[in-house]
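Source file: input.pdb (PDB, C-alpha atoms, pLDDT in the B column)
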ATOM      1  CA  MET J   1     -28.466  15.866 -77.870  1.00 87.00           C
ATOM      2  CA  ARG J   2     -30.391  15.111 -74.687  1.00 91.00           C
ATOM      3  CA  PHE J   3     -29.500  17.573 -71.947  1.00 95.00           C
ATOM      4  CA  PRO J   4     -31.022  17.005 -68.497  1.00 97.00           C
ATOM      5  CA  LEU J   5     -30.249  19.297 -65.585  1.00 98.00           C
ATOM      6  CA  ILE J   6     -29.541  17.483 -62.314  1.00 98.00           C
ATOM      7  CA  LEU J   7     -30.128  18.999 -58.869  1.00 98.00           C
ATOM      8  CA  VAL J   8     -28.388  17.118 -56.068  1.00 98.00           C
ATOM      9  CA  SER J   9     -30.241  17.128 -52.725  1.00 97.00           C
ATOM     10  CA  PRO J  10     -31.890  20.562 -53.035  1.00 96.00           C
ATOM     11  CA  ARG J  11     -33.384  21.635 -49.708  1.00 94.00           C
ATOM     12  CA  ARG J  12     -35.593  24.598 -50.572  1.00 95.00           C
ATOM     13  CA  PRO J  13     -38.583  23.924 -52.836  1.00 97.00           C
ATOM     14  CA  GLU J  14     -38.536  27.562 -53.932  1.00 96.00           C
ATOM     15  CA  ASN J  15     -35.116  27.027 -55.467  1.00 96.00           C
ATOM     16  CA  VAL J  16     -36.332  23.977 -57.377  1.00 97.00           C
ATOM     17  CA  GLY J  17     -39.318  25.944 -58.641  1.00 97.00           C
ATOM     18  CA  ALA J  18     -37.056  28.784 -59.759  1.00 97.00           C
ATOM     19  CA  ALA J  19     -34.824  26.284 -61.531  1.00 97.00           C
ATOM     20  CA  ALA J  20     -37.806  24.781 -63.364  1.00 97.00           C
ATOM     21  CA  ARG J  21     -38.968  28.242 -64.431  1.00 96.00           C
ATOM     22  CA  ALA J  22     -35.496  29.105 -65.734  1.00 96.00           C
ATOM     23  CA  MET J  23     -35.352  25.831 -67.643  1.00 96.00           C
ATOM     24  CA  LYS J  24     -38.684  26.367 -69.386  1.00 95.00           C
ATOM     25  CA  THR J  25     -37.880  29.984 -70.218  1.00 93.00           C
ATOM     26  CA  MET J  26     -34.688  28.917 -71.984  1.00 94.00           C
ATOM     27  CA  GLY J  27     -35.942  25.766 -73.703  1.00 93.00           C
ATOM     28  CA  PHE J  28     -34.812  22.963 -71.364  1.00 95.00           C
ATOM     29  CA  ASP J  29     -37.319  20.386 -70.201  1.00 94.00           C
ATOM     30  CA  GLU J  30     -35.647  17.427 -68.445  1.00 97.00           C
ATOM     31  CA  LEU J  31     -35.049  17.752 -64.708  1.00 98.00           C
ATOM     32  CA  ARG J  32     -33.505  15.078 -62.489  1.00 98.00           C
ATOM     33  CA  ILE J  33     -33.619  15.330 -58.704  1.00 98.00           C
ATOM     34  CA  VAL J  34     -31.171  13.398 -56.537  1.00 98.00           C
ATOM     35  CA  ASN J  35     -32.157  12.396 -53.019  1.00 97.00           C
ATOM     36  CA  SER J  36     -34.802  15.079 -52.413  1.00 96.00           C
ATOM     37  CA  GLN J  37     -38.565  15.518 -52.593  1.00 96.00           C
ATOM     38  CA  ALA J  38     -38.434  19.322 -52.618  1.00 95.00           C
ATOM     39  CA  HIS J  39     -39.940  19.465 -56.120  1.00 95.00           C
ATOM     40  CA  LEU J  40     -43.159  17.952 -54.767  1.00 95.00           C
ATOM     41  CA  GLU J  41     -43.738  20.749 -52.241  1.00 95.00           C
ATOM     42  CA  PRO J  42     -46.403  23.375 -53.045  1.00 95.00           C
ATOM     43  CA  ALA J  43     -43.825  26.165 -52.769  1.00 96.00           C
ATOM     44  CA  ALA J  44     -41.913  24.726 -55.721  1.00 96.00           C
ATOM     45  CA  ARG J  45     -44.986  24.980 -57.948  1.00 95.00           C
ATOM     46  CA  TRP J  46     -45.784  28.502 -56.791  1.00 95.00           C
ATOM     47  CA  VAL J  47     -42.351  29.746 -57.820  1.00 96.00           C
ATOM     48  CA  ALA J  48     -42.263  27.652 -61.018  1.00 95.00           C
ATOM     49  CA  HIS J  49     -45.085  29.879 -62.333  1.00 90.00           C
ATOM     50  CA  GLY J  50     -46.151  28.089 -65.511  1.00 91.00           C
ATOM     51  CA  ALA J  51     -43.370  25.499 -65.537  1.00 95.00           C
ATOM     52  CA  GLY J  52     -45.321  22.958 -63.521  1.00 94.00           C
ATOM     53  CA  GLU J  53     -44.944  20.258 -66.176  1.00 96.00           C
ATOM     54  CA  ILE J  54     -41.178  20.248 -65.626  1.00 96.00           C
ATOM     55  CA  LEU J  55     -41.780  19.516 -61.942  1.00 96.00           C
ATOM     56  CA  ASP J  56     -44.434  16.917 -62.836  1.00 96.00           C
ATOM     57  CA  ASN J  57     -42.048  15.132 -65.183  1.00 97.00           C
ATOM     58  CA  ALA J  58     -38.987  15.417 -62.948  1.00 97.00           C
ATOM     59  CA  THR J  59     -37.439  12.050 -62.128  1.00 97.00           C
ATOM     60  CA  HIS J  60     -36.032  11.079 -58.736  1.00 97.00           C
ATOM     61  CA  TRP J  61     -32.698   9.301 -58.276  1.00 98.00           C
ATOM     62  CA  ASP J  62     -31.086   7.869 -55.155  1.00 97.00           C
ATOM     63  CA  SER J  63     -27.577   9.027 -56.056  1.00 97.00           C
ATOM     64  CA  LEU J  64     -25.713  11.183 -58.550  1.00 98.00           C
ATOM     65  CA  ASP J  65     -23.968   8.069 -59.843  1.00 97.00           C
ATOM     66  CA  ALA J  66     -27.342   6.572 -60.769  1.00 98.00           C
ATOM     67  CA  ALA J  67     -28.565   9.834 -62.327  1.00 98.00           C
ATOM     68  CA  LEU J  68     -25.494   9.911 -64.589  1.00 97.00           C
ATOM     69  CA  ALA J  69     -25.559   6.227 -65.565  1.00 96.00           C
ATOM     70  CA  ASP J  70     -27.095   6.868 -69.014  1.00 95.00           C
ATOM     71  CA  ILE J  71     -25.227  10.157 -69.658  1.00 96.00           C
ATOM     72  CA  ASP J  72     -22.225  10.310 -71.991  1.00 93.00           C
ATOM     73  CA  PHE J  73     -20.745  13.641 -70.889  1.00 93.00           C
ATOM     74  CA  SER J  74     -21.302  15.564 -67.661  1.00 95.00           C
ATOM     75  CA  ILE J  75     -20.429  18.955 -66.209  1.00 95.00           C
ATOM     76  CA  ALA J  76     -20.693  19.967 -62.553  1.00 95.00           C
ATOM     77  CA  THR J  77     -20.966  23.444 -61.102  1.00 93.00           C
ATOM     78  CA  THR J  78     -18.775  24.213 -58.107  1.00 86.00           C
ATOM     79  CA  ALA J  79     -16.956  27.048 -56.394  1.00 75.00           C
ATOM     80  CA  ARG J  80     -13.354  27.421 -57.567  1.00 58.00           C
ATOM     81  CA  SER J  81     -12.090  26.923 -53.990  1.00 56.00           C
ATOM     82  CA  ARG J  82     -13.646  23.450 -53.972  1.00 54.00           C
ATOM     83  CA  ALA J  83     -12.521  22.421 -57.429  1.00 52.00           C
ATOM     84  CA  LYS J  84     -10.444  19.253 -57.313  1.00 51.00           C
ATOM     85  CA  PHE J  85      -9.311  19.475 -60.939  1.00 48.00           C
ATOM     86  CA  ARG J  86      -7.116  22.218 -62.306  1.00 56.00           C
ATOM     87  CA  TYR J  87      -9.264  22.998 -65.332  1.00 66.00           C
ATOM     88  CA  TYR J  88     -12.247  25.170 -64.450  1.00 78.00           C
ATOM     89  CA  ALA J  89     -14.537  26.249 -67.289  1.00 87.00           C
ATOM     90  CA  THR J  90     -16.554  29.445 -67.398  1.00 89.00           C
ATOM     91  CA  PRO J  91     -20.166  29.254 -68.643  1.00 91.00           C
ATOM     92  CA  GLN J  92     -18.968  30.565 -72.024  1.00 92.00           C
ATOM     93  CA  GLN J  93     -16.344  27.819 -72.252  1.00 91.00           C
ATOM     94  CA  VAL J  94     -18.964  25.227 -71.330  1.00 93.00           C
ATOM     95  CA  GLN J  95     -21.041  26.426 -74.269  1.00 92.00           C
ATOM     96  CA  SER J  96     -18.083  25.968 -76.634  1.00 90.00           C
ATOM     97  CA  LEU J  97     -17.373  22.493 -75.252  1.00 90.00           C
ATOM     98  CA  LEU J  98     -20.969  21.413 -75.711  1.00 92.00           C
ATOM     99  CA  GLU J  99     -21.231  22.863 -79.216  1.00 90.00           C
ATOM    100  CA  GLU J 100     -18.380  20.566 -80.243  1.00 86.00           C
ATOM    101  CA  LYS J 101     -19.672  17.594 -78.227  1.00 87.00           C
ATOM    102  CA  GLN J 102     -23.083  18.005 -79.863  1.00 85.00           C
ATOM    103  CA  GLN J 103     -21.550  16.613 -83.055  1.00 81.00           C
ATOM    104  CA  TRP J 104     -20.668  13.229 -81.568  1.00 84.00           C
ATOM    105  CA  VAL J 105     -22.110  12.835 -78.051  1.00 88.00           C
ATOM    106  CA  GLN J 106     -25.723  11.777 -77.670  1.00 89.00           C
ATOM    107  CA  SER J 107     -26.368  12.999 -74.119  1.00 93.00           C
ATOM    108  CA  ALA J 108     -24.898  15.502 -71.684  1.00 95.00           C
ATOM    109  CA  ALA J 109     -25.931  16.722 -68.252  1.00 97.00           C
ATOM    110  CA  LEU J 110     -25.305  19.766 -66.073  1.00 97.00           C
ATOM    111  CA  VAL J 111     -25.111  19.065 -62.332  1.00 98.00           C
ATOM    112  CA  PHE J 112     -25.861  21.514 -59.521  1.00 96.00           C
ATOM    113  CA  GLY J 113     -24.961  20.810 -55.900  1.00 94.00           C
ATOM    114  CA  ARG J 114     -26.582  21.449 -52.552  1.00 93.00           C
ATOM    115  CA  GLU J 115     -27.429  25.022 -51.603  1.00 91.00           C
ATOM    116  CA  ASP J 116     -25.205  25.001 -48.513  1.00 88.00           C
ATOM    117  CA  THR J 117     -22.388  22.537 -49.165  1.00 88.00           C
ATOM    118  CA  GLY J 118     -22.369  21.984 -52.939  1.00 90.00           C
ATOM    119  CA  LEU J 119     -21.094  18.659 -54.254  1.00 92.00           C
ATOM    120  CA  THR J 120     -18.774  16.316 -52.391  1.00 92.00           C
ATOM    121  CA  ASN J 121     -15.348  15.457 -53.786  1.00 87.00           C
ATOM    122  CA  GLU J 122     -16.662  11.971 -54.526  1.00 91.00           C
ATOM    123  CA  GLU J 123     -19.522  13.454 -56.561  1.00 94.00           C
ATOM    124  CA  LEU J 124     -17.191  15.844 -58.395  1.00 90.00           C
ATOM    125  CA  ALA J 125     -15.072  12.862 -59.396  1.00 88.00           C
ATOM    126  CA  LEU J 126     -18.047  11.405 -61.298  1.00 92.00           C
ATOM    127  CA  VAL J 127     -18.202  14.205 -63.886  1.00 93.00           C
ATOM    128  CA  ASP J 128     -16.000  15.120 -66.843  1.00 90.00           C
ATOM    129  CA  VAL J 129     -15.576  18.889 -66.430  1.00 90.00           C
ATOM    130  CA  LEU J 130     -16.033  21.428 -63.635  1.00 91.00           C
ATOM    131  CA  THR J 131     -17.485  24.877 -64.129  1.00 92.00           C
ATOM    132  CA  GLY J 132     -18.352  27.925 -62.080  1.00 88.00           C
ATOM    133  CA  ILE J 133     -19.658  31.452 -62.437  1.00 85.00           C
ATOM    134  CA  PRO J 134     -17.034  34.200 -61.986  1.00 79.00           C
ATOM    135  CA  MET J 135     -18.247  36.639 -59.329  1.00 73.00           C
ATOM    136  CA  ALA J 136     -17.075  39.701 -57.445  1.00 66.00           C
ATOM    137  CA  ALA J 137     -14.919  38.735 -54.481  1.00 61.00           C
ATOM    138  CA  ASP J 138     -17.070  40.577 -51.964  1.00 52.00           C
ATOM    139  CA  TYR J 139     -20.246  38.680 -52.994  1.00 54.00           C
ATOM    140  CA  PRO J 140     -19.115  35.130 -53.625  1.00 55.00           C
ATOM    141  CA  SER J 141     -22.272  33.142 -54.331  1.00 64.00           C
ATOM    142  CA  LEU J 142     -25.573  32.890 -56.205  1.00 77.00           C
ATOM    143  CA  ASN J 143     -28.539  30.883 -55.017  1.00 89.00           C
ATOM    144  CA  LEU J 144     -29.489  27.710 -56.855  1.00 93.00           C
ATOM    145  CA  GLY J 145     -32.270  29.233 -58.947  1.00 93.00           C
ATOM    146  CA  GLN J 146     -30.043  32.099 -60.094  1.00 92.00           C
ATOM    147  CA  ALA J 147     -27.209  29.742 -61.015  1.00 93.00           C
ATOM    148  CA  VAL J 148     -29.534  27.578 -63.093  1.00 96.00           C
ATOM    149  CA  MET J 149     -30.787  30.650 -64.942  1.00 95.00           C
ATOM    150  CA  VAL J 150     -27.247  31.819 -65.765  1.00 94.00           C
ATOM    151  CA  TYR J 151     -26.373  28.467 -67.332  1.00 95.00           C
ATOM    152  CA  CYS J 152     -29.717  27.996 -69.076  1.00 95.00           C
ATOM    153  CA  TYR J 153     -29.361  31.433 -70.644  1.00 94.00           C
ATOM    154  CA  GLN J 154     -25.763  30.780 -71.724  1.00 93.00           C
ATOM    155  CA  LEU J 155     -26.580  27.347 -73.153  1.00 94.00           C
ATOM    156  CA  SER J 156     -29.967  28.145 -74.684  1.00 91.00           C
ATOM    157  CA  ALA J 157     -28.436  28.374 -78.167  1.00 83.00           C
ATOM    158  CA  LEU J 158     -27.729  24.643 -77.981  1.00 81.00           C
ATOM    159  CA  ARG J 159     -31.473  24.011 -78.005  1.00 71.00           C
ATOM    160  CA  GLN J 160     -32.069  26.201 -81.044  1.00 64.00           C
ATOM    161  CA  VAL J 161     -29.285  25.163 -83.429  1.00 48.00           C
ATOM    162  CA  SER J 162     -28.890  21.691 -84.895  1.00 45.00           C
ATOM    163  CA  ALA J 163     -25.221  20.832 -85.097  1.00 41.00           C
ATOM    164  CA  ILE J 164     -23.908  19.421 -88.373  1.00 41.00           C
ATOM    165  CA  LYS J 165     -22.414  16.046 -87.592  1.00 46.00           C
ATOM    166  CA  GLU J 166     -18.983  15.372 -88.982  1.00 45.00           C
ATOM    167  CA  ALA J 167     -19.362  11.677 -88.190  1.00 47.00           C
ATOM    168  CA  PRO J 168     -22.024   9.399 -86.728  1.00 47.00           C
ATOM    169  CA  ALA J 169     -22.325   9.853 -82.981  1.00 47.00           C
ATOM    170  CA  ASP J 170     -20.665   7.171 -80.895  1.00 55.00           C
ATOM    171  CA  ALA J 171     -22.030   7.356 -77.382  1.00 53.00           C
ATOM    172  CA  GLN J 172     -19.536   4.808 -76.087  1.00 68.00           C
ATOM    173  CA  GLN J 173     -16.368   6.362 -77.498  1.00 73.00           C
ATOM    174  CA  LEU J 174     -15.520   8.612 -74.559  1.00 73.00           C
ATOM    175  CA  ASP J 175     -16.394   6.017 -71.932  1.00 78.00           C
ATOM    176  CA  ALA J 176     -14.299   3.405 -73.752  1.00 80.00           C
ATOM    177  CA  LEU J 177     -11.351   5.800 -73.719  1.00 79.00           C
ATOM    178  CA  ARG J 178     -11.685   6.274 -69.959  1.00 80.00           C
ATOM    179  CA  GLN J 179     -11.696   2.522 -69.428  1.00 82.00           C
ATOM    180  CA  ARG J 180      -8.642   1.974 -71.655  1.00 82.00           C
ATOM    181  CA  LEU J 181      -6.700   4.646 -69.793  1.00 83.00           C
ATOM    182  CA  ASP J 182      -7.683   3.142 -66.432  1.00 84.00           C
ATOM    183  CA  ARG J 183      -6.389  -0.254 -67.542  1.00 84.00           C
ATOM    184  CA  LEU J 184      -3.179   1.287 -68.862  1.00 82.00           C
ATOM    185  CA  LEU J 185      -2.511   3.075 -65.573  1.00 84.00           C
ATOM    186  CA  VAL J 186      -2.897  -0.229 -63.764  1.00 84.00           C
ATOM    187  CA  SER J 187      -0.549  -1.965 -66.217  1.00 81.00           C
ATOM    188  CA  LEU J 188       2.039   0.764 -65.711  1.00 83.00           C
ATOM    189  CA  GLU J 189       1.554   0.549 -61.925  1.00 82.00           C
ATOM    190  CA  VAL J 190       0.764   4.263 -61.612  1.00 83.00           C
ATOM    191  CA  SER J 191      -2.949   4.024 -60.809  1.00 82.00           C
ATOM    192  CA  GLU J 192      -2.263   5.188 -57.233  1.00 85.00           C
ATOM    193  CA  ASP J 193      -0.862   8.497 -58.452  1.00 84.00           C
ATOM    194  CA  SER J 194      -3.934  10.588 -57.633  1.00 81.00           C
ATOM    195  CA  LYS J 195      -2.515  13.753 -59.201  1.00 80.00           C
ATOM    196  CA  LEU J 196      -1.960  11.993 -62.528  1.00 82.00           C
ATOM    197  CA  VAL J 197      -5.329  10.219 -62.409  1.00 80.00           C
ATOM    198  CA  ASP J 198      -7.173  13.469 -61.650  1.00 79.00           C
ATOM    199  CA  TRP J 199      -5.348  15.345 -64.415  1.00 79.00           C
ATOM    200  CA  LEU J 200      -6.183  12.671 -66.990  1.00 81.00           C
ATOM    201  CA  ALA J 201      -9.824  12.536 -65.886  1.00 76.00           C
ATOM    202  CA  GLN J 202     -10.419  16.246 -66.317  1.00 73.00           C
ATOM    203  CA  ARG J 203      -8.461  16.529 -69.585  1.00 76.00           C
ATOM    204  CA  LEU J 204     -10.482  13.761 -71.234  1.00 77.00           C
ATOM    205  CA  GLY J 205     -13.586  15.888 -70.987  1.00 73.00           C
ATOM    206  CA  LEU J 206     -11.962  18.578 -73.133  1.00 75.00           C
ATOM    207  CA  LEU J 207     -11.090  16.321 -76.075  1.00 76.00           C
ATOM    208  CA  GLU J 208     -12.753  16.877 -79.416  1.00 76.00           C
ATOM    209  CA  GLN J 209     -13.861  13.892 -81.493  1.00 75.00           C
ATOM    210  CA  ARG J 210     -10.724  13.827 -83.674  1.00 76.00           C
ATOM    211  CA  ASP J 211      -8.488  13.988 -80.587  1.00 80.00           C
ATOM    212  CA  ASN J 212     -10.488  11.188 -79.006  1.00 77.00           C
ATOM    213  CA  ALA J 213     -10.047   8.952 -82.049  1.00 77.00           C
ATOM    214  CA  MET J 214      -6.307   9.656 -82.277  1.00 80.00           C
ATOM    215  CA  LEU J 215      -5.810   8.863 -78.599  1.00 81.00           C
ATOM    216  CA  HIS J 216      -7.629   5.559 -79.113  1.00 78.00           C
ATOM    217  CA  ARG J 217      -5.135   4.746 -81.869  1.00 80.00           C
ATOM    218  CA  LEU J 218      -2.184   5.676 -79.662  1.00 83.00           C
ATOM    219  CA  LEU J 219      -3.489   3.553 -76.784  1.00 80.00           C
ATOM    220  CA  HIS J 220      -3.943   0.635 -79.156  1.00 78.00           C
ATOM    221  CA  ASP J 221      -0.262   0.872 -80.130  1.00 79.00           C
ATOM    222  CA  VAL J 222       0.845   1.219 -76.502  1.00 82.00           C
ATOM    223  CA  GLU J 223      -1.241  -1.775 -75.435  1.00 79.00           C
ATOM    224  CA  LYS J 224       0.176  -3.857 -78.292  1.00 77.00           C
ATOM    225  CA  LYS J 225       3.748  -2.952 -77.320  1.00 78.00           C
ATOM    226  CA  LEU J 226       3.096  -3.880 -73.699  1.00 77.00           C
ATOM    227  CA  ILE J 227       1.648  -7.233 -74.739  1.00 77.00           C
ATOM    228  CA  ASP J 228       4.591  -7.914 -77.088  1.00 73.00           C
ATOM    229  CA  LYS J 229       7.057  -7.017 -74.355  1.00 73.00           C
ATOM    230  CA  LYS J 230       5.293  -9.241 -71.846  1.00 71.00           C
ATOM    231  CA  THR J 231       5.151 -12.258 -74.181  1.00 72.00           C
ATOM    232  CA  GLY J 232       8.816 -11.767 -75.142  1.00 67.00           C
ATOM    233  CA  GLU J 233      10.045 -11.966 -71.580  1.00 61.00           C
TER     234      GLU J 233
END
Take the structure in this file and express it as structure tokens.
Amino acid sequence: MRFPLILVSPRRPENVGAAARAMKTMGFDELRIVNSQAHLEPAARWVAHGAGEILDNATHWDSLDAALADIDFSIATTARSRAKFRYYATPQQVQSLLEEKQQWVQSAALVFGREDTGLTNEELALVDVLTGIPMAADYPSLNLGQAVMVYCYQLSALRQVSAIKEAPADAQQLDALRQRLDRLLVSLEVSEDSKLVDWLAQRLGLLEQRDNAMLHRLLHDVEKKLIDKKTGE
């Protein structure tokens, strides 16, 4: 499973260098930078300390939406106080989610926000699951480089163990489910219910492959009933 790390608008090159060093130490090698040139500054390479090839190979993207366009499953880091969705995974829970997703999802990404303001609500809405690092109340934040190291350490096992696939990977299965649910909400005239839409969006990211397939079957039956009802009127 491809697993790029995405840094959104990082300001300090030292933080990008520290992130690259953490990635190499723990076996990750694909870095995407959104709307920033901080990785090109000399200070980034000084701090990277032997991980210069990750900075050299880093790709630049104009927006988070573009950086996620070829990604099947995405996770964003955020402070709990800013979380829009109710479900909020710890790093350990993210590892469990990805171990299961590794059996049927071809690519996943972990997104980190700006040092000062994090990710916007619009950016958070682009991902499947939110996560954060539990911390003591009197010291509520880590810098970007430290946060990347925590997640790279927790998820390093994913780079060392090949998951046994229960079924051939279908990279479009999860995205197709999102689209079917969106259409159903419109058909039921509840697409403006933001609470319902947000709840569905964040729960989809937690589905295992079998659950995903069963929900596809249920939606097929619901869609058929709606069509039959409409044609019978």
>> Using the chain letters and numbers from this file, what does the PyMOL selection byres ((chain J and resi 97-114) around 6) select? Give the answer as a ChimeraX atom specification.
In response: /J:1-10,71-77,94-96,115-119,163,165,169,171
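The spacing separating atom CA of J:Val148 from atom CA of J:Ala22 amounts to 6.7 Å.
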> Can you tell me, as a ChimeraX atom specification, what residues are no more than 12 Å from J:Gln179 when counting all atoms listed in the file, ignoring any on the same chain fewer than 6 positions away?
Replying inline: /J:172-173,185-186,200-201,204,216,219
> J:Met23, J:Ala18, J:Arg180, J:Ser194: which is nearest J:Asp221, counting all atoms listed in the file?
Replying inline: J:Arg180
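The space between atom CA of J:Asp211 and atom CA of J:Leu124 spans 23.9 Å.
Atom CA of J:Ala67 is positioned 22.3 Å from atom CA of J:Asp182.
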> Got a sec to resolve the PyMOL selection byres ((chain J and resi 39) around 10) on this structure and send the residues as number ranges by chain?
Replying inline: J: 10-17, 20, 33, 36-38, 40-45, 48, 52, 54-56, 58-60
>> If the PyMOL selection byres ((chain J and resi 63-66) around 8) were run on this exact file, what residues would it hold? Put them as a PyMOL selection string.
In response: chain J and resi 8+34-35+61-62+67-69+123+126
